Amino acid sequence: MFKRIIYLILIAIIGLAAVVLFNTFRFSGKIPVRQSLPLTGISDSAALHLSSAIQIKTVSFGDTLPVDTVEFRKFKAFLETTYPTVHQKLQRQVFSEFSYVFTWKGKDTTLKPYVIMGHMDVVPVEPVAEKNWLVPSFSGMIKDDTIWGRGAVDDKASVIAILEAAEQLLKENFQPERTIYLCFGHDEEIAGKRGAAKISAWFKEQKIEPELVVDEGGQVDTEHFKELKRPVAVIGVGEKGYVNIDLTVEKPGGHSSMPQQETAIDILNKAIMHIREHQIPANIPAPIQELFTRIGPGGSFINRMALSNQWLFKGMLIAQLEKTKETNALIHTTLVPTIVKAGIKDNVIPSVAKATFNSRILPGESSDDVVNFVIKAINDERVTVKKQTISLMEPSAMTSSDHPMFKRMEDITYKTVPAAIVSPYLMIGATDSRYFRPFSSAVLNFAPMTDAKGFHGINERIPISDLKRMVFYYRLMMTEK
Ligand SMILES: [Zn+2]
């Protein structure tokens with residue numbers, strides 16, 4: 001009897017190993033290299049234009065702070081003088097004084113249009129961080145074949161490249177097949193309420209449903225997939241949701257010389273700790289699964305084994321992904337305290353303590369799921385939990401990689417980024433394009449920059465070779481129906 005059990009266990013182990021190995025070997029092979037085309041189309045002056053654009057400080061400081069009208073007016077004038085044909089031939093609409101939509105009528109107006117977007121505002125540079133920059137942060141200096149300064153990557157490179165492409169094509173009297181709208185917001189960094197939100201509302205009013213919306217987001221990565229020895233171009237096909245959750249504790253305070261056992265701050269503190277002790281369970285969203293499917297065959301034996309046998313190794317795979325904050329955010333609805341407030345004086349125990357958690361929600365989950373998780377984790381009725389509705393954004397719908405517009409973007413990306421492996425991807429931050437998702441056929445986030453450096457941080461810069469690769473937009477505008 002005992003022998004028989006051992007025998008059965010042995011057979012089971014051999015069977016399991018055979019299945020694992022079979023899946024691993026089947027999940028291997030060379031990922032085909034698609035032909036790229038030479039980079040022509042973006043003028044040499046594009047770098048100088050980006051340099052000038054960076055020097056205009058179109059900074060978004062904060063939601064409730066006034067817009068720096070002087071700088072945004074300068075930027076408007078800069079666009080008018082730098083891209084005269086665009087301004088002469090295309091109709092420009094102005095939204096909230098500084099956001100623009102240019103309409104480029106297509107040959108066939110029965111076809112649904114393209115929307116190609118970028119944002120003109122940038123985040124500020126903290127005064128204390130200025131000394132860490134290798135060049136002055138708004139200098140737009142061109143050094144080592146690279147353009148330096150705030151906005152070089154996010155997102156003036158796209159704005160400039162889109163306009164360079166349009167200017168060039170308009171000079172050649174080109175007319176696109178479909179109507180193309182070029183949309184430029186001026187407040188993306190503070191949620192786009194005055195720019196993209198208003199622009200998208202106008203589209204809805206006019207009942208214009210774009211076939212394709214292209215905005216910033218996905219890029220070309222050579223640093224995270226080293227074993228492939230090839231660039232991986234990730235195209236964002238959906239965005240995580242966004243919700244703020246407020247916790248409030250009210251408990252009579254008093255004199256700090258005679259503290260109670262537990263104060264409002266103590267109760268809030270415990271609640272914060274309880275939420276942070278656990279994560280909402282992991283879930284690998286569809287675009288990330290597809291990324292694994294596309295890049296997996298080029299990986300090491302161990303990686304191939306794990307990816308092709310997720311029925312067995314999913315736990316290990318998730319543990320691996322949880323090791324860095326970037327990959328952790330791809331598989332979890334995240335939840336982190338960003339504001340804590342209590343107290344007005346050092347010798348008064350406050351009677352109210354408040355905290356705000358910011359959460360980014362995975363597709364397939366909802367803000368209500370987050371609220372329920374928080375209530376359960378805290379398990380203390382003295383803490384009031386409420387979600388904010390003003391900035392609430394549920395996770396977006398996904399554009400399928402089978403969508404013809406994804407295939408088109410994929411094709412142009414292969415032509416523009418030599419030896420690239422292209423994959424769909426999930427956006428973990430929000431962009432202006434989210435306002436278009438509810439009524440557009442496909443919304444895709446991509447610009448062909450490689451390992452973008454310094455956006456929202458120090459030494460933001462883009463190599464001129466990357467700017468040239470933005471000929472991508474030119475190809476997008478030129479594609480047939
Ligand atoms: Zn941006």
# chains A, B, ... in the order shown; residues from 1 in each chain; ligands from 1
>>> select_by_dssp(residues="region 370-471 of chain A", states="strand (DSSP E or B)", output="VMD selection string")
chain A and resid 383 to 387 393 421 to 427 443 to 450 453 461 to 463
>>> write_last_selection(atoms="C-alpha atoms", output="PDB file, in the first residue's frame")
ATOM      1  CA  VAL A 383     -13.706  56.057  11.431  1.00  0.00           C
ATOM      2  CA  THR A 384     -15.965  57.565   8.774  1.00  0.00           C
ATOM      3  CA  VAL A 385     -15.022  56.476   5.251  1.00  0.00           C
ATOM      4  CA  LYS A 386     -16.175  58.503   2.275  1.00  0.00           C
ATOM      5  CA  LYS A 387     -15.094  58.608  -1.337  1.00  0.00           C
ATOM      6  CA  MET A 393     -12.745  58.271 -12.435  1.00  0.00           C
ATOM      7  CA  ILE A 421       8.520  44.274 -30.220  1.00  0.00           C
ATOM      8  CA  VAL A 422       5.160  46.018 -29.901  1.00  0.00           C
ATOM      9  CA  SER A 423       2.649  45.245 -27.185  1.00  0.00           C
ATOM     10  CA  PRO A 424      -0.471  46.650 -25.565  1.00  0.00           C
ATOM     11  CA  TYR A 425      -0.030  48.064 -22.098  1.00  0.00           C
ATOM     12  CA  LEU A 426      -2.007  49.416 -19.153  1.00  0.00           C
ATOM     13  CA  MET A 427      -1.536  53.080 -18.255  1.00  0.00           C
ATOM     14  CA  VAL A 443      -7.947  55.401 -27.556  1.00  0.00           C
ATOM     15  CA  LEU A 444      -4.236  54.632 -27.668  1.00  0.00           C
ATOM     16  CA  ASN A 445      -1.377  56.147 -25.690  1.00  0.00           C
ATOM     17  CA  PHE A 446       1.998  56.160 -27.316  1.00  0.00           C
ATOM     18  CA  ALA A 447       4.899  58.295 -28.468  1.00  0.00           C
ATOM     19  CA  PRO A 448       8.061  56.609 -29.787  1.00  0.00           C
ATOM     20  CA  MET A 449      10.557  58.035 -27.275  1.00  0.00           C
ATOM     21  CA  THR A 450      13.080  55.640 -25.807  1.00  0.00           C
ATOM     22  CA  LYS A 453      14.345  60.667 -18.864  1.00  0.00           C
ATOM     23  CA  ARG A 461      15.648  65.620 -21.807  1.00  0.00           C
ATOM     24  CA  ILE A 462      15.106  64.017 -25.163  1.00  0.00           C
ATOM     25  CA  PRO A 463      17.757  62.979 -27.703  1.00  0.00           C
TER      26      PRO A 463
END
>>> residues_near_ligand(ligand="ligand 1", cutoff="8 Å", atoms="only C-alpha atoms and all ligand atoms", output="compact mmCIF listing (two decimals) with N, CA and C atoms, in the first residue's frame")
# COMPACT_ATOMS: atom_id res chain seq x y z
N GLY A 118 -1.83 66.40 -27.61
CA GLY A 118 -0.65 66.61 -26.77
C GLY A 118 -1.01 67.72 -25.81
N HIS A 119 -0.23 67.89 -24.74
CA HIS A 119 -0.53 69.02 -23.85
C HIS A 119 0.65 69.98 -23.75
N VAL A 122 3.33 72.21 -18.40
CA VAL A 122 4.36 71.36 -17.77
C VAL A 122 4.24 71.48 -16.26
N ASP A 154 7.66 65.55 -21.55
CA ASP A 154 6.25 65.60 -21.14
C ASP A 154 5.74 67.01 -21.21
N ASP A 155 5.11 67.44 -22.26
CA ASP A 155 4.74 66.67 -23.42
C ASP A 155 5.02 67.50 -24.67
N GLU A 188 -3.27 69.77 -18.56
CA GLU A 188 -3.27 68.31 -18.33
C GLU A 188 -2.69 67.98 -16.97
N GLU A 189 -1.67 68.71 -16.57
CA GLU A 189 -0.97 68.39 -15.32
C GLU A 189 -1.81 68.72 -14.08
N GLU A 216 -0.27 60.98 -25.37
CA GLU A 216 0.96 60.55 -24.69
C GLU A 216 0.70 59.30 -23.85
N GLY A 217 1.77 58.65 -23.41
CA GLY A 217 1.60 57.50 -22.51
C GLY A 217 2.67 56.46 -22.73
N THR A 431 -4.22 60.53 -18.30
CA THR A 431 -3.87 61.51 -19.33
C THR A 431 -5.14 62.23 -19.80
>>> residues_around(residues="region 475-478 of chain A", least_positions_apart="4", cutoff="8 Å", atoms="only C-alpha atoms", output="ChimeraX atom specification")
/A:166,176,180,409,412,471
>>> select_by_dssp(residues="region 84-156 of chain A", states="alpha helix (DSSP H)", output="PyMOL selection string")
chain A and resi 84-89+156
>>> closest_residue(among="A:Val352, A:Leu79, A:Ala286, A:Ile280", to="Ile267 (chain A)", atoms="only C-alpha atoms")
A:Val352
>>> residues_around(residues="Ser391 (chain A)", least_positions_apart="2", cutoff="10 Å", atoms="only C-alpha atoms", output="PDB file with N, CA and C atoms, in the first residue's frame")
ATOM      1  N   ALA A 191      -5.258  68.014 -14.178  1.00  0.00           N
ATOM      2  CA  ALA A 191      -6.495  67.250 -14.441  1.00  0.00           C
ATOM      3  C   ALA A 191      -7.272  67.621 -15.710  1.00  0.00           C
ATOM      4  N   TYR A 242      -9.296  56.315 -10.790  1.00  0.00           N
ATOM      5  CA  TYR A 242      -8.728  57.270  -9.829  1.00  0.00           C
ATOM      6  C   TYR A 242      -9.796  57.622  -8.801  1.00  0.00           C
ATOM      7  N   VAL A 243      -9.473  57.407  -7.531  1.00  0.00           N
ATOM      8  CA  VAL A 243     -10.431  57.844  -6.505  1.00  0.00           C
ATOM      9  C   VAL A 243      -9.671  58.263  -5.238  1.00  0.00           C
ATOM     10  N   ASN A 244     -10.192  59.290  -4.586  1.00  0.00           N
ATOM     11  CA  ASN A 244      -9.672  59.702  -3.286  1.00  0.00           C
ATOM     12  C   ASN A 244     -10.661  59.271  -2.215  1.00  0.00           C
ATOM     13  N   LYS A 387     -15.875  58.346  -0.120  1.00  0.00           N
ATOM     14  CA  LYS A 387     -15.094  58.608  -1.337  1.00  0.00           C
ATOM     15  C   LYS A 387     -15.430  59.984  -1.884  1.00  0.00           C
ATOM     16  N   GLN A 388     -14.422  60.652  -2.426  1.00  0.00           N
ATOM     17  CA  GLN A 388     -14.659  61.954  -3.059  1.00  0.00           C
ATOM     18  C   GLN A 388     -15.237  61.695  -4.449  1.00  0.00           C
ATOM     19  N   THR A 389     -16.206  62.510  -4.819  1.00  0.00           N
ATOM     20  CA  THR A 389     -16.795  62.279  -6.146  1.00  0.00           C
ATOM     21  C   THR A 389     -16.218  63.222  -7.192  1.00  0.00           C
ATOM     22  N   MET A 393     -12.777  58.779 -11.063  1.00  0.00           N
ATOM     23  CA  MET A 393     -12.745  58.271 -12.435  1.00  0.00           C
ATOM     24  C   MET A 393     -12.648  56.752 -12.322  1.00  0.00           C
ATOM     25  N   GLU A 394     -13.685  56.062 -12.752  1.00  0.00           N
ATOM     26  CA  GLU A 394     -13.620  54.591 -12.715  1.00  0.00           C
ATOM     27  C   GLU A 394     -12.606  54.125 -13.775  1.00  0.00           C
TER      28      GLU A 394
END
>>> residues_around(residues="region 95-103 of chain A", least_positions_apart="4", cutoff="8 Å", atoms="only C-alpha atoms", output="PyMOL selection string")
chain A and resi 72-73+76+90-91+179-186+194-196+198-199
>>> residues_around(residues="region 311-316 of chain A", least_positions_apart="5", cutoff="10 Å", atoms="only C-alpha atoms", output="PyMOL selection string")
chain A and resi 16+20+282+284+305-306+321-322
>>> write_last_selection(atoms="C-alpha atoms", output="compact mmCIF listing (two decimals), in the first residue's frame")
# COMPACT_ATOMS: atom_id res chain seq x y z
CA LEU A 16 3.54 17.59 -13.88
CA VAL A 20 5.56 22.24 -17.43
CA ALA A 282 -3.32 41.13 -7.22
CA ILE A 284 -2.93 40.55 -13.89
CA MET A 305 8.53 28.42 -17.60
CA ALA A 306 6.79 30.78 -15.19
CA LEU A 321 6.08 41.64 -9.96
CA GLU A 322 5.37 42.98 -6.48
>>> atom_distance(atom1="CA of Asn347 (chain A)", atom2="CA of Asp380 (chain A)")
26.9 Å
>>> residues_around(residues="region 141-143 of chain A", least_positions_apart="3", cutoff="10 Å", atoms="only C-alpha atoms", output="ChimeraX atom specification")
/A:47-48,50-52,54-55,135-138,146-149,461-464
>>> write_last_selection(atoms="N, CA and C atoms", output="compact mmCIF listing (two decimals), in the first residue's frame")
# COMPACT_ATOMS: atom_id res chain seq x y z
N ALA A 47 14.27 70.48 -33.66
CA ALA A 47 14.99 70.53 -32.38
C ALA A 47 15.03 71.97 -31.86
N LEU A 48 15.28 72.91 -32.76
CA LEU A 48 15.32 74.32 -32.34
C LEU A 48 13.94 74.77 -31.88
N LEU A 50 11.63 72.86 -30.54
CA LEU A 50 11.36 72.30 -29.21
C LEU A 50 12.13 73.09 -28.15
N SER A 51 13.36 73.45 -28.48
CA SER A 51 14.16 74.25 -27.55
C SER A 51 13.44 75.56 -27.20
N SER A 52 12.92 76.22 -28.23
CA SER A 52 12.19 77.49 -27.97
C SER A 52 10.94 77.23 -27.15
N ILE A 54 10.40 74.97 -24.93
CA ILE A 54 10.74 74.70 -23.52
C ILE A 54 10.99 76.01 -22.77
N GLN A 55 11.55 76.99 -23.48
CA GLN A 55 11.91 78.25 -22.82
C GLN A 55 10.70 79.08 -22.39
N VAL A 135 21.65 71.51 -16.51
CA VAL A 135 21.49 72.77 -17.25
C VAL A 135 20.32 73.49 -16.59
N PRO A 136 20.21 74.82 -16.76
CA PRO A 136 19.04 75.50 -16.17
C PRO A 136 17.75 74.86 -16.70
N SER A 137 16.79 74.68 -15.80
CA SER A 137 15.66 73.78 -16.11
C SER A 137 14.75 74.26 -17.24
N PHE A 138 14.73 75.55 -17.51
CA PHE A 138 13.88 76.01 -18.62
C PHE A 138 14.74 76.59 -19.76
N THR A 146 21.15 66.37 -27.56
CA THR A 146 19.97 66.16 -26.71
C THR A 146 19.38 67.52 -26.37
N ILE A 147 18.06 67.57 -26.31
CA ILE A 147 17.37 68.81 -25.94
C ILE A 147 16.96 68.69 -24.48
N TRP A 148 17.36 69.69 -23.69
CA TRP A 148 17.19 69.62 -22.24
C TRP A 148 16.16 70.64 -21.75
N GLY A 149 15.39 70.24 -20.74
CA GLY A 149 14.54 71.21 -20.05
C GLY A 149 13.17 70.65 -19.73
N ARG A 461 14.95 65.42 -20.54
CA ARG A 461 15.65 65.62 -21.81
C ARG A 461 15.22 64.60 -22.83
N ILE A 462 15.43 64.96 -24.09
CA ILE A 462 15.11 64.02 -25.16
C ILE A 462 16.21 64.09 -26.22
N PRO A 463 16.76 62.95 -26.64
CA PRO A 463 17.76 62.98 -27.70
C PRO A 463 17.11 63.43 -29.02
N ILE A 464 17.88 64.14 -29.83
CA ILE A 464 17.33 64.60 -31.12
C ILE A 464 16.88 63.40 -31.96
>>> closest_residue(among="A:Asp451, A:Glu209, A:Glu126, A:Asp144", to="Pro438 (chain A)", atoms="only C-alpha atoms")
A:Glu209
>>> closest_residue(among="A:Val115, A:Val33, A:Asp402, A:Ala152", to="Arg230 (chain A)", atoms="only C-alpha atoms")
A:Val33
>>> atom_distance(atom1="CA of Thr85 (chain A)", atom2="CA of Leu170 (chain A)")
6.6 Å
>>> closest_residue(among="A:Met470, A:Val237, A:Met258, A:Ala355", to="Met398 (chain A)", atoms="only C-alpha atoms")
A:Val237
>>> atom_distance(atom1="CA of Asp432 (chain A)", atom2="CA of Gly192 (chain A)")
6.1 Å
>>> decode(residues="region 106-194 of chain A", atoms="C-alpha atoms", output="mmCIF file, in the first residue's frame")
data_model
loop_
_atom_site.group_PDB
_atom_site.id
_atom_site.type_symbol
_atom_site.label_atom_id
_atom_site.label_comp_id
_atom_site.auth_asym_id
_atom_site.auth_seq_id
_atom_site.Cartn_x
_atom_site.Cartn_y
_atom_site.Cartn_z
ATOM 1 C CA GLY A 106 -10.470 64.891 -44.699
ATOM 2 C CA LYS A 107 -11.355 63.845 -48.253
ATOM 3 C CA ASP A 108 -14.061 61.531 -47.017
ATOM 4 C CA THR A 109 -16.124 63.224 -44.325
ATOM 5 C CA THR A 110 -18.303 60.137 -43.865
ATOM 6 C CA LEU A 111 -15.360 58.405 -42.159
ATOM 7 C CA LYS A 112 -14.948 58.828 -38.421
ATOM 8 C CA PRO A 113 -12.053 61.185 -37.638
ATOM 9 C CA TYR A 114 -8.721 60.861 -35.879
ATOM 10 C CA VAL A 115 -7.855 62.906 -32.822
ATOM 11 C CA ILE A 116 -4.146 63.469 -32.243
ATOM 12 C CA MET A 117 -3.379 65.173 -28.962
ATOM 13 C CA GLY A 118 -0.652 66.608 -26.773
ATOM 14 C CA HIS A 119 -0.534 69.016 -23.849
ATOM 15 C CA MET A 120 1.323 72.306 -23.697
ATOM 16 C CA ASP A 121 1.568 72.749 -19.934
ATOM 17 C CA VAL A 122 4.358 71.360 -17.774
ATOM 18 C CA VAL A 123 4.868 70.642 -14.085
ATOM 19 C CA PRO A 124 6.905 73.162 -12.073
ATOM 20 C CA VAL A 125 10.534 72.654 -11.090
ATOM 21 C CA GLU A 126 10.919 72.775 -7.324
ATOM 22 C CA PRO A 127 13.367 75.554 -6.387
ATOM 23 C CA VAL A 128 15.359 73.127 -4.204
ATOM 24 C CA ALA A 129 15.730 70.719 -7.160
ATOM 25 C CA GLU A 130 17.118 73.364 -9.541
ATOM 26 C CA LYS A 131 20.686 72.815 -8.310
ATOM 27 C CA ASN A 132 20.485 69.150 -9.339
ATOM 28 C CA TRP A 133 19.846 70.021 -12.960
ATOM 29 C CA LEU A 134 22.879 69.838 -15.253
ATOM 30 C CA VAL A 135 21.491 72.767 -17.250
ATOM 31 C CA PRO A 136 19.043 75.498 -16.173
ATOM 32 C CA SER A 137 15.665 73.783 -16.108
ATOM 33 C CA PHE A 138 13.882 76.015 -18.623
ATOM 34 C CA SER A 139 16.910 76.734 -20.835
ATOM 35 C CA GLY A 140 15.944 74.390 -23.667
ATOM 36 C CA MET A 141 19.678 73.891 -24.121
ATOM 37 C CA ILE A 142 20.839 71.584 -26.909
ATOM 38 C CA LYS A 143 23.852 69.663 -25.638
ATOM 39 C CA ASP A 144 25.251 66.267 -26.666
ATOM 40 C CA ASP A 145 22.628 65.926 -29.403
ATOM 41 C CA THR A 146 19.972 66.161 -26.712
ATOM 42 C CA ILE A 147 17.375 68.813 -25.941
ATOM 43 C CA TRP A 148 17.188 69.616 -22.240
ATOM 44 C CA GLY A 149 14.539 71.208 -20.049
ATOM 45 C CA ARG A 150 11.157 70.906 -18.388
ATOM 46 C CA GLY A 151 8.652 69.655 -20.951
ATOM 47 C CA ALA A 152 11.257 68.118 -23.291
ATOM 48 C CA VAL A 153 9.563 64.758 -22.774
ATOM 49 C CA ASP A 154 6.254 65.595 -21.136
ATOM 50 C CA ASP A 155 4.741 66.666 -23.416
ATOM 51 C CA LYS A 156 6.178 69.405 -25.611
ATOM 52 C CA ALA A 157 8.083 66.908 -27.756
ATOM 53 C CA SER A 158 4.747 65.490 -28.886
ATOM 54 C CA VAL A 159 3.162 68.912 -29.374
ATOM 55 C CA ILE A 160 6.108 70.038 -31.505
ATOM 56 C CA ALA A 161 6.326 66.770 -33.462
ATOM 57 C CA ILE A 162 2.589 66.772 -34.247
ATOM 58 C CA LEU A 163 2.778 70.350 -35.494
ATOM 59 C CA GLU A 164 6.010 69.758 -37.441
ATOM 60 C CA ALA A 165 4.334 66.856 -39.230
ATOM 61 C CA ALA A 166 1.163 68.813 -39.972
ATOM 62 C CA GLU A 167 3.095 71.906 -41.134
ATOM 63 C CA GLN A 168 5.193 69.808 -43.479
ATOM 64 C CA LEU A 169 2.235 67.905 -44.942
ATOM 65 C CA LEU A 170 0.164 71.065 -45.370
ATOM 66 C CA LYS A 171 3.036 72.707 -47.241
ATOM 67 C CA GLU A 172 2.946 69.718 -49.606
ATOM 68 C CA ASN A 173 -0.804 70.352 -50.040
ATOM 69 C CA PHE A 174 -1.566 66.990 -48.514
ATOM 70 C CA GLN A 175 -5.134 66.266 -47.514
ATOM 71 C CA PRO A 176 -5.820 63.322 -45.201
ATOM 72 C CA GLU A 177 -8.396 60.663 -46.011
ATOM 73 C CA ARG A 178 -10.188 61.156 -42.716
ATOM 74 C CA THR A 179 -10.662 64.424 -40.900
ATOM 75 C CA ILE A 180 -7.936 64.911 -38.307
ATOM 76 C CA TYR A 181 -8.367 67.003 -35.180
ATOM 77 C CA LEU A 182 -5.175 68.223 -33.554
ATOM 78 C CA CYS A 183 -5.984 68.910 -29.896
ATOM 79 C CA PHE A 184 -3.686 70.701 -27.481
ATOM 80 C CA GLY A 185 -4.698 71.132 -23.848
ATOM 81 C CA HIS A 186 -3.130 73.647 -21.463
ATOM 82 C CA ASP A 187 -3.890 72.073 -18.079
ATOM 83 C CA GLU A 188 -3.266 68.314 -18.331
ATOM 84 C CA GLU A 189 -0.973 68.389 -15.316
ATOM 85 C CA ILE A 190 -3.834 69.664 -13.149
ATOM 86 C CA ALA A 191 -6.495 67.250 -14.441
ATOM 87 C CA GLY A 192 -7.435 68.913 -17.748
ATOM 88 C CA LYS A 193 -10.734 70.321 -16.516
ATOM 89 C CA ARG A 194 -10.427 73.547 -18.519
#
